[in-house]
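Student: File start04.txt follows (compact mmCIF, C-alpha atoms):
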```txt
# COMPACT_ATOMS: atom_id res chain seq x y z
CA MET A 1 70.84 87.71 79.82
CA ALA A 2 71.08 85.74 76.57
CA LEU A 3 74.58 84.64 77.55
CA VAL A 4 73.36 83.48 80.94
CA GLY A 5 70.50 81.60 79.28
CA ALA A 6 72.89 79.91 76.89
CA GLY A 7 75.14 78.94 79.80
CA VAL A 8 72.24 77.46 81.74
CA GLY A 9 71.08 75.55 78.66
CA ALA A 10 74.55 74.16 78.02
CA TRP A 11 74.85 73.06 81.64
CA ALA A 12 71.45 71.36 81.45
CA LEU A 13 72.56 69.40 78.38
CA TYR A 14 75.83 68.42 80.03
CA ASP A 15 74.05 67.42 83.22
CA ARG A 16 71.63 65.24 81.27
CA LEU A 17 74.38 63.39 79.42
CA GLN A 18 76.50 63.00 82.54
CA GLY A 19 73.50 61.66 84.45
CA ASN A 20 72.85 59.04 81.77
CA ILE A 21 76.10 57.16 82.45
CA THR A 22 76.17 54.43 85.09
CA ARG A 23 79.51 54.03 86.91
CA ASP A 24 80.70 50.45 87.26
CA ASP A 25 82.63 50.87 90.52
CA ALA A 26 81.91 47.30 91.68
CA VAL A 27 83.66 45.83 88.64
CA ILE A 28 86.79 47.90 89.19
CA ALA A 29 86.86 46.88 92.86
CA GLU A 30 86.61 43.22 91.87
CA LEU A 31 89.38 43.57 89.28
CA GLU A 32 91.61 45.23 91.85
CA ARG A 33 91.30 42.10 94.01
CA HIS A 34 92.93 40.16 91.17
CA GLU A 35 95.44 42.76 89.99
CA LYS A 36 98.43 40.43 90.40
CA GLU A 37 97.08 38.01 87.81
CA ARG A 38 96.22 40.67 85.22
CA PRO A 39 98.38 41.46 82.15
CA LEU A 40 100.56 44.57 82.14
CA PRO A 41 99.02 47.83 80.88
CA SER A 42 98.96 48.48 77.15
CA LYS A 43 101.68 50.26 75.23
CA GLN A 44 101.55 53.94 76.14
CA GLY A 45 98.71 55.60 74.28
CA ALA A 46 97.11 52.40 72.96
CA LEU A 47 93.74 51.43 74.42
CA ASN A 48 91.82 48.17 74.63
CA ILE A 49 88.12 48.62 75.32
CA LEU A 50 85.84 45.64 75.94
CA LEU A 51 82.41 46.26 74.45
CA VAL A 52 79.67 44.08 75.91
CA GLY A 53 76.19 43.93 74.43
CA SER A 54 74.01 42.68 77.25
CA ASP A 55 70.80 40.76 76.54
CA THR A 56 69.32 41.74 79.91
CA ARG A 57 65.54 42.03 79.95
CA ALA A 58 65.71 44.44 82.89
CA GLY A 59 65.04 48.10 82.25
CA GLN A 60 62.33 49.91 80.34
CA GLY A 61 61.46 48.29 77.01
CA ASN A 62 63.79 45.29 77.25
CA GLY A 63 61.12 42.89 78.50
CA GLN A 64 59.52 42.65 75.04
CA TYR A 65 62.47 40.49 73.88
CA GLY A 66 61.53 37.51 76.01
CA VAL A 67 61.92 36.19 79.52
CA ALA A 68 65.33 36.55 81.12
CA ARG A 69 67.26 33.38 81.90
CA GLY A 70 69.92 35.05 83.99
CA GLN A 71 72.34 37.69 82.76
CA ARG A 72 74.13 36.86 79.52
CA SER A 73 76.49 38.63 77.13
CA ASP A 74 74.86 38.72 73.71
CA THR A 75 77.92 40.21 72.01
CA VAL A 76 81.52 40.78 73.17
CA ILE A 77 84.03 42.76 71.11
CA MET A 78 87.57 43.80 72.03
CA LEU A 79 88.18 47.22 70.45
CA HIS A 80 91.87 48.06 70.08
CA LEU A 81 92.71 51.71 69.40
CA ALA A 82 96.25 52.19 68.14
CA ALA A 83 98.44 54.61 70.07
CA ASP A 84 98.63 56.97 67.10
CA ARG A 85 94.82 56.81 66.67
CA ARG A 86 95.23 56.02 62.99
CA SER A 87 93.65 52.59 63.14
CA ALA A 88 91.17 50.56 65.16
CA THR A 89 90.63 46.81 65.30
CA ALA A 90 87.40 45.27 66.56
CA MET A 91 87.82 41.59 67.46
CA SER A 92 84.67 39.57 68.13
CA ILE A 93 84.82 36.76 70.69
CA PRO A 94 82.27 33.98 69.98
CA ARG A 95 79.75 33.16 72.70
CA ASP A 96 80.34 29.43 72.15
CA LEU A 97 84.15 29.55 72.36
CA MET A 98 85.39 27.05 74.96
CA VAL A 99 87.67 28.87 77.42
CA GLU A 100 89.15 28.63 80.89
CA ILE A 101 86.95 30.72 83.21
CA PRO A 102 88.63 31.63 86.51
CA SER A 103 86.91 31.39 89.88
CA CYS A 104 84.60 34.41 89.93
CA ARG A 105 82.49 36.08 92.58
CA ARG A 106 78.78 35.93 91.82
CA ALA A 107 76.23 38.64 92.53
CA ASP A 108 75.23 36.88 95.77
CA GLY A 109 78.81 37.13 97.07
CA GLU A 110 79.58 33.43 96.66
CA SER A 111 82.32 32.24 94.31
CA ALA A 112 81.75 30.10 91.25
CA PRO A 113 84.60 27.58 90.80
CA ALA A 114 87.08 27.81 87.94
CA ARG A 115 85.99 25.71 84.99
CA THR A 116 86.24 25.06 81.27
CA ALA A 117 83.04 26.34 79.69
CA GLN A 118 81.71 28.36 76.79
CA PHE A 119 82.74 32.01 76.87
CA ASN A 120 79.39 33.66 77.58
CA ASP A 121 79.05 31.60 80.77
CA ALA A 122 81.59 33.99 82.32
CA TYR A 123 79.03 36.79 82.22
CA SER A 124 76.40 34.50 83.72
CA TYR A 125 78.73 33.45 86.56
CA GLY A 126 80.26 36.78 87.52
CA GLY A 127 79.09 39.57 85.22
CA THR A 128 81.44 42.03 83.57
CA ALA A 129 84.37 41.49 85.96
CA CYS A 130 84.42 37.75 85.27
CA THR A 131 84.15 38.39 81.52
CA ILE A 132 87.11 40.80 81.62
CA ARG A 133 89.25 38.36 83.61
CA THR A 134 88.35 35.55 81.19
CA VAL A 135 89.30 37.69 78.18
CA GLU A 136 92.58 38.71 79.79
CA ARG A 137 93.42 35.10 80.64
CA LEU A 138 92.59 34.02 77.08
CA THR A 139 94.48 36.79 75.23
CA ARG A 140 96.99 38.18 77.76
CA ILE A 141 95.76 41.62 76.64
CA ARG A 142 94.99 44.16 79.36
CA VAL A 143 91.43 45.52 79.21
CA ASP A 144 91.87 49.24 79.86
CA HIS A 145 88.18 50.18 79.78
CA HIS A 146 84.84 48.49 79.38
CA MET A 147 81.38 49.52 78.19
CA VAL A 148 78.14 47.59 78.59
CA VAL A 149 75.18 48.59 76.39
CA ASP A 150 71.71 47.06 76.47
CA PHE A 151 69.08 46.70 73.73
CA GLN A 152 67.52 50.13 74.23
CA GLY A 153 70.84 51.97 74.08
CA PHE A 154 71.73 50.23 70.82
CA LYS A 155 68.39 51.10 69.22
CA ARG A 156 68.61 54.74 70.25
CA MET A 157 72.10 55.12 68.76
CA VAL A 158 70.87 53.86 65.38
CA ASP A 159 67.86 56.17 65.45
CA ALA A 160 70.12 59.10 66.43
CA VAL A 161 71.96 58.79 63.09
CA ASP A 162 68.70 58.33 61.14
CA GLY A 163 69.19 54.66 60.48
CA VAL A 164 71.87 52.44 58.93
CA ARG A 165 71.96 51.14 55.34
CA ILE A 166 72.30 47.39 54.82
CA CYS A 167 71.54 44.88 52.09
CA LEU A 168 69.67 41.62 52.54
CA LYS A 169 70.61 38.78 50.20
CA GLN A 170 67.46 36.95 51.26
CA PRO A 171 64.13 37.98 52.83
CA MET A 172 64.03 38.26 56.60
CA ASP A 173 60.99 37.13 58.56
CA ASP A 174 61.82 36.74 62.25
CA LYS A 175 58.99 36.87 64.76
CA ASP A 176 61.34 36.81 67.74
CA ALA A 177 63.37 39.73 66.34
CA HIS A 178 60.22 41.65 65.32
CA VAL A 179 61.55 42.14 61.78
CA ARG A 180 60.01 41.28 58.40
CA LEU A 181 61.81 42.64 55.32
CA PRO A 182 62.12 41.64 51.65
CA ALA A 183 65.51 41.02 50.08
CA GLY A 184 67.33 44.11 48.88
CA GLU A 185 68.65 47.42 50.19
CA HIS A 186 67.18 48.94 53.36
CA THR A 187 67.89 51.73 55.80
CA LEU A 188 67.10 50.11 59.14
CA ASN A 189 65.78 51.99 62.15
CA GLY A 190 66.80 51.08 65.68
CA GLU A 191 64.24 48.31 66.20
CA GLN A 192 64.97 46.71 62.83
CA SER A 193 68.72 47.00 63.39
CA LEU A 194 68.50 45.20 66.72
CA GLY A 195 66.60 42.37 65.05
CA PHE A 196 69.13 42.24 62.20
CA VAL A 197 72.18 41.88 64.46
CA ARG A 198 70.50 39.47 66.88
CA ALA A 199 68.76 37.18 64.37
CA ARG A 200 70.25 33.74 64.07
CA LYS A 201 67.91 31.12 62.65
CA SER A 202 66.09 33.42 60.19
CA LEU A 203 69.15 34.63 58.25
CA GLY A 204 72.13 32.92 56.66
CA ASN A 205 72.96 29.40 57.79
CA GLY A 206 71.72 29.92 61.35
CA SER A 207 75.19 29.77 62.89
CA ASP A 208 76.71 32.11 65.43
CA THR A 209 79.57 32.61 62.95
CA ASP A 210 77.15 34.03 60.40
CA ARG A 211 75.54 36.23 63.06
CA MET A 212 78.90 37.68 64.17
CA GLU A 213 79.87 38.50 60.59
CA ARG A 214 76.53 40.25 60.17
CA GLN A 215 77.13 42.24 63.37
CA GLN A 216 80.55 43.31 62.12
CA GLN A 217 79.07 44.30 58.75
CA PHE A 218 76.46 46.39 60.53
CA LEU A 219 78.96 48.09 62.86
CA GLY A 220 81.12 48.94 59.85
CA ALA A 221 78.12 50.54 58.16
CA LEU A 222 77.32 52.46 61.37
CA VAL A 223 80.90 53.80 61.58
CA ALA A 224 80.78 54.84 57.92
CA LYS A 225 77.42 56.58 58.46
CA VAL A 226 78.71 58.54 61.45
CA GLN A 227 81.84 59.65 59.60
CA SER A 228 80.14 60.49 56.31
CA ASN A 229 77.53 62.65 58.05
CA GLY A 230 80.16 64.62 59.95
CA VAL A 231 78.53 63.69 63.24
CA LEU A 232 81.74 63.85 65.26
CA LEU A 233 82.48 67.36 64.00
CA ASN A 234 79.00 68.78 64.42
CA PRO A 235 77.81 69.42 68.02
CA GLY A 236 74.20 69.56 66.85
CA LYS A 237 74.47 66.03 65.43
CA LEU A 238 76.83 64.72 68.09
CA TYR A 239 74.58 65.55 71.05
CA PRO A 240 71.71 63.19 70.03
CA LEU A 241 74.23 60.41 69.44
CA LEU A 242 75.93 60.96 72.81
CA ASP A 243 72.54 61.15 74.50
CA ALA A 244 71.55 57.84 72.93
CA ALA A 245 74.91 56.19 73.59
CA THR A 246 74.99 57.18 77.25
CA SER A 247 71.32 56.47 77.97
CA SER A 248 71.94 52.75 78.56
CA LEU A 249 75.68 52.77 79.12
CA THR A 250 77.51 51.23 82.06
CA THR A 251 81.25 51.89 82.09
CA ASP A 252 84.31 52.00 84.30
CA PRO A 253 84.86 55.19 86.32
CA SER A 254 87.64 56.35 83.98
CA LEU A 255 85.10 56.75 81.18
CA SER A 256 82.07 57.68 83.27
CA SER A 257 82.95 61.37 82.96
CA LEU A 258 81.30 62.87 79.89
CA ILE A 259 84.45 64.89 79.22
CA ASP A 260 86.60 61.74 79.18
CA LEU A 261 84.09 59.93 76.97
CA TYR A 262 83.91 62.86 74.56
CA ASP A 263 87.70 63.10 74.40
CA LEU A 264 87.85 59.41 73.54
CA VAL A 265 85.29 59.80 70.75
CA ARG A 266 87.00 62.91 69.42
CA SER A 267 90.38 61.11 69.31
CA MET A 268 88.83 58.57 66.93
CA ARG A 269 87.26 60.98 64.46
CA ASN A 270 90.23 61.05 62.07
CA ILE A 271 90.63 57.27 61.73
CA PRO A 272 89.96 56.43 58.04
CA THR A 273 87.13 53.94 57.56
CA LYS A 274 89.54 51.61 55.71
CA GLU A 275 91.61 51.45 58.90
CA VAL A 276 88.64 50.41 61.07
CA ARG A 277 88.91 46.64 60.88
CA PHE A 278 86.50 43.92 61.98
CA LEU A 279 87.42 40.28 62.50
CA THR A 280 86.72 37.29 64.75
CA VAL A 281 89.24 35.31 66.79
CA PRO A 282 90.51 32.39 64.69
CA ARG A 283 88.53 29.35 65.76
CA GLU A 284 87.25 25.97 64.63
CA ALA A 285 84.86 23.31 65.86
CA TYR A 286 85.64 22.20 69.42
CA ALA A 287 87.05 18.68 69.62
CA GLY A 288 84.63 17.69 72.38
CA ASP A 289 81.46 19.16 70.84
CA PRO A 290 81.03 20.30 67.20
CA ASN A 291 78.45 22.85 68.38
CA ARG A 292 81.16 24.70 70.33
CA ASP A 293 84.35 26.48 69.20
CA GLN A 294 88.02 26.35 70.10
CA LEU A 295 90.94 28.59 69.11
CA VAL A 296 92.99 27.84 66.02
CA GLU A 297 96.68 28.00 66.89
CA PRO A 298 99.10 29.54 66.23
CA ALA A 299 96.81 31.98 64.40
CA ALA A 300 94.98 33.11 67.55
CA SER A 301 98.20 33.72 69.49
CA GLU A 302 99.64 35.70 66.56
CA LEU A 303 96.57 37.94 66.53
CA PHE A 304 96.67 38.49 70.29
CA THR A 305 100.37 39.36 70.11
CA LEU A 306 99.80 41.95 67.38
CA LEU A 307 97.09 43.64 69.43
CA ARG A 308 99.07 43.40 72.65
CA GLU A 309 102.13 45.01 71.02
CA ASP A 310 100.09 47.59 69.08
CA GLU A 311 101.27 46.25 65.74
CA PRO A 312 99.22 46.54 62.50
CA VAL A 313 96.65 43.82 61.89
CA ARG A 314 96.27 42.90 58.23
CA ILE A 315 92.92 41.69 56.95
CA ALA A 316 91.64 40.19 53.71
CA PRO A 317 87.97 39.93 52.68
CA ARG A 318 86.25 36.85 54.01
CA PRO A 319 86.01 34.10 51.40
CA SER A 320 82.21 34.22 51.50
CA ASP A 321 82.28 37.97 50.75
CA SER A 322 84.69 37.87 47.83
CA ALA A 323 84.26 36.89 44.20
CA SER A 324 87.79 35.49 44.38
CA PRO A 325 88.00 33.73 47.75
CA ALA A 326 91.20 34.32 49.69
CA PRO A 327 92.98 31.14 50.87
CA SER A 328 92.57 30.35 54.52
CA ALA A 329 94.67 28.43 56.98
CA SER A 330 91.66 27.88 59.21
CA PRO A 331 89.19 25.03 58.70
CA THR A 332 86.35 27.53 59.14
CA GLY A 333 87.91 30.40 57.24
CA THR A 334 88.39 32.50 60.35
CA GLY A 335 92.14 32.29 60.78
CA PRO A 336 94.98 33.76 58.72
CA ALA A 337 93.73 34.27 55.18
CA ALA A 338 97.02 34.57 53.33
CA PRO A 339 100.65 35.52 53.84
CA SER A 340 101.67 39.07 53.05
CA ALA A 341 104.99 40.93 53.17
CA SER A 342 107.76 38.97 54.86
CA ARG A 343 109.68 39.98 57.94
CA ALA A 344 112.96 38.41 58.96
CA PRO A 345 113.39 37.69 62.68
CA SER A 346 116.72 38.20 64.35
CA GLY A 347 118.83 35.05 64.36
CA THR A 348 122.34 33.76 64.95
CA PRO A 349 124.99 36.07 63.39
CA GLY A 350 126.18 34.74 60.06
CA VAL A 351 123.12 32.52 59.62
CA ARG A 352 120.40 33.61 57.20
CA SER A 353 117.04 33.85 58.95
CA THR A 354 114.06 32.24 57.28
CA PRO A 355 111.51 34.92 56.32
CA VAL A 356 108.36 34.72 58.41
CA PRO A 357 105.16 35.86 56.67
CA ASP A 358 103.09 38.52 58.39
CA PRO A 359 99.75 36.90 59.19
CA THR A 360 96.68 38.17 57.39
CA PHE A 361 93.28 37.50 58.94
CA SER A 362 89.86 37.11 57.39
CA GLY A 363 87.78 40.20 58.03
CA ASN A 364 86.46 43.45 56.63
CA SER A 365 86.82 47.19 57.11
CA ALA A 366 84.27 49.93 57.62
CA ALA A 367 85.15 51.20 54.14
CA ARG A 368 83.52 48.14 52.57
CA SER A 369 79.97 48.96 51.60
CA ALA A 370 77.29 46.79 53.16
CA CYS A 371 75.77 46.46 49.71
CA GLU A 372 78.85 45.34 47.76
```
With the file now loaded, output its structure as structure tokens.
Tutor:
Amino acid sequence: MALVGAGVGAWALYDRLQGNITRDDAVIAELERHEKERPLPSKQGALNILLVGSDTRAGQGNGQYGVARGQRSDTVIMLHLAADRRSATAMSIPRDLMVEIPSCRRADGESAPARTAQFNDAYSYGGTACTIRTVERLTRIRVDHHMVVDFQGFKRMVDAVDGVRICLKQPMDDKDAHVRLPAGEHTLNGEQSLGFVRARKSLGNGSDTDRMERQQQFLGALVAKVQSNGVLLNPGKLYPLLDAATSSLTTDPSLSSLIDLYDLVRSMRNIPTKEVRFLTVPREAYAGDPNRDQLVEPAASELFTLLREDEPVRIAPRPSDSASPAPSASPTGTGPAAPSASRAPSGTPGVRSTPVPDPTFSGNSAARSACE
């Protein structure tokens, strides 16, 4: 009888987690309509997952963050998992980056025309499918999976690991974010964490660049917390995290199975924190509007190629985070930070090839303490 009871209890837990996940069948159907224009699949075993933080006010509890002005992507990160699962690279894509957005089908069935616009307009025009197609057009990297998480899901994940440790260099008083904290070290709960990663005008210089770096710092601290607490190896600790993560999760059908999602998480548990890298696409002020961004070339193309070919991405601490700033080829410090080991490309026989430096990008790893 005890065995039967345990079996029933386990099934109930599984059924709850499985029921949390929302399948995004419509997005896959829309992407299939445009399959011919999409990049080729990733190198066997490597995965590219587009993580979208939605600022929707729909759903229980989200309305307290203001009145919705259409659907928008608050945060977009391309997560590249190496084929050998020994490294992961999280690349942030700025909301204000000027990009070519393809013609996308809107929720009402009509099509929005192709246009040059800031990146987060893609989500407003055509939701997740339009965002994926815009990312693929920009990077020529195939998006293998996608996950969309709203405010409540993010908060519950932080609370499930008993908060995340961060350090504030200055006091934070943000009425819109519902956070008021003195300078110094804090362990933030879910509500405070959401305010910390979303705040813009109340911390730093008020730029989206500063906000993205703060988001990356926080995600690194979250990864370190999960690994240090043995969450991924302890079913008792893993269940609350999975419950929180799936409670507000919309994903493609390939990851909508709890078993598939668990297998993905488990495959990442042995990645060292120093090999979990965070960076932003190399960009600078847009020529047509200094309040918008544009890619820095060839740095951006070099980064996209490394991810597309599943090659290592080298990072150096951001100049603002280091006592000895690393040199940067980018006007805003977001492009290659410094040359590293040289590699010689193949050339004409008998002619010495000029060594080409491996690019190194400004960024940080999850091993870097948030309070360093």
Student: Could you check which of A:Asn291, A:Ser111, A:Ser42, A:Asn364 is closest to A:Cys130, using all atoms listed in the file?
Tutor: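 Closest residue, counting all atoms listed in the file: A:Ser111.
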Student: One number please: atom CA of A:Asp108 to atom CA of A:Ile21, in Å, one decimal.
Tutor: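 Computing the Euclidean distance for atom CA of A:Asp108 and atom CA of A:Ile21 yields 24.3 Å.
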Student: Compile the contact shell of A:Ala285 as a PDB file with C-alpha atoms, keeping the file's coordinate frame: residues with an atom at most 9 Å away, counting only C-alpha atoms, same-chain residues fewer than 2 positions apart removed.
Tutor:
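So the final result, stored in around-v8.pdb, reads:
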```
ATOM      1  CA  ARG A 283      88.530  29.350  65.760  1.00  0.00           C
ATOM      2  CA  ALA A 287      87.050  18.680  69.620  1.00  0.00           C
ATOM      3  CA  GLY A 288      84.630  17.690  72.380  1.00  0.00           C
ATOM      4  CA  ASP A 289      81.460  19.160  70.840  1.00  0.00           C
ATOM      5  CA  PRO A 290      81.030  20.300  67.200  1.00  0.00           C
ATOM      6  CA  ASN A 291      78.450  22.850  68.380  1.00  0.00           C
ATOM      7  CA  ARG A 292      81.160  24.700  70.330  1.00  0.00           C
ATOM      8  CA  ASP A 293      84.350  26.480  69.200  1.00  0.00           C
ATOM      9  CA  GLN A 294      88.020  26.350  70.100  1.00  0.00           C
ATOM     10  CA  LEU A 295      90.940  28.590  69.110  1.00  0.00           C
ATOM     11  CA  PRO A 331      89.190  25.030  58.700  1.00  0.00           C
ATOM     12  CA  THR A 332      86.350  27.530  59.140  1.00  0.00           C
TER      13      THR A 332
END
```
Student: Pick from A:Glu297, A:Glu302, A:Asp176, A:Asp24: nearest to A:Asp252, with all atoms listed in the file counted?
Tutor: A:Asp24
Student: Quick check, in Å to one decimal: how far apart do atom CA of A:Glu275 and atom CA of A:Asn120 lie?
Tutor: 28.5 Å
Student: Measure the distance from atom CA of A:Leu31 to atom CA of A:Pro113 in Å and round it to one decimal.
Tutor: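 Separation of atom CA of A:Leu31 and atom CA of A:Pro113: 16.8 Å.
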Student: Skip A:Leu188 itself and residues of its chain fewer than 5 positions away, then list as a ChimeraX atom specification all residues within 8 Å of it, counting only C-alpha atoms.
Tutor: /A:163-166,193
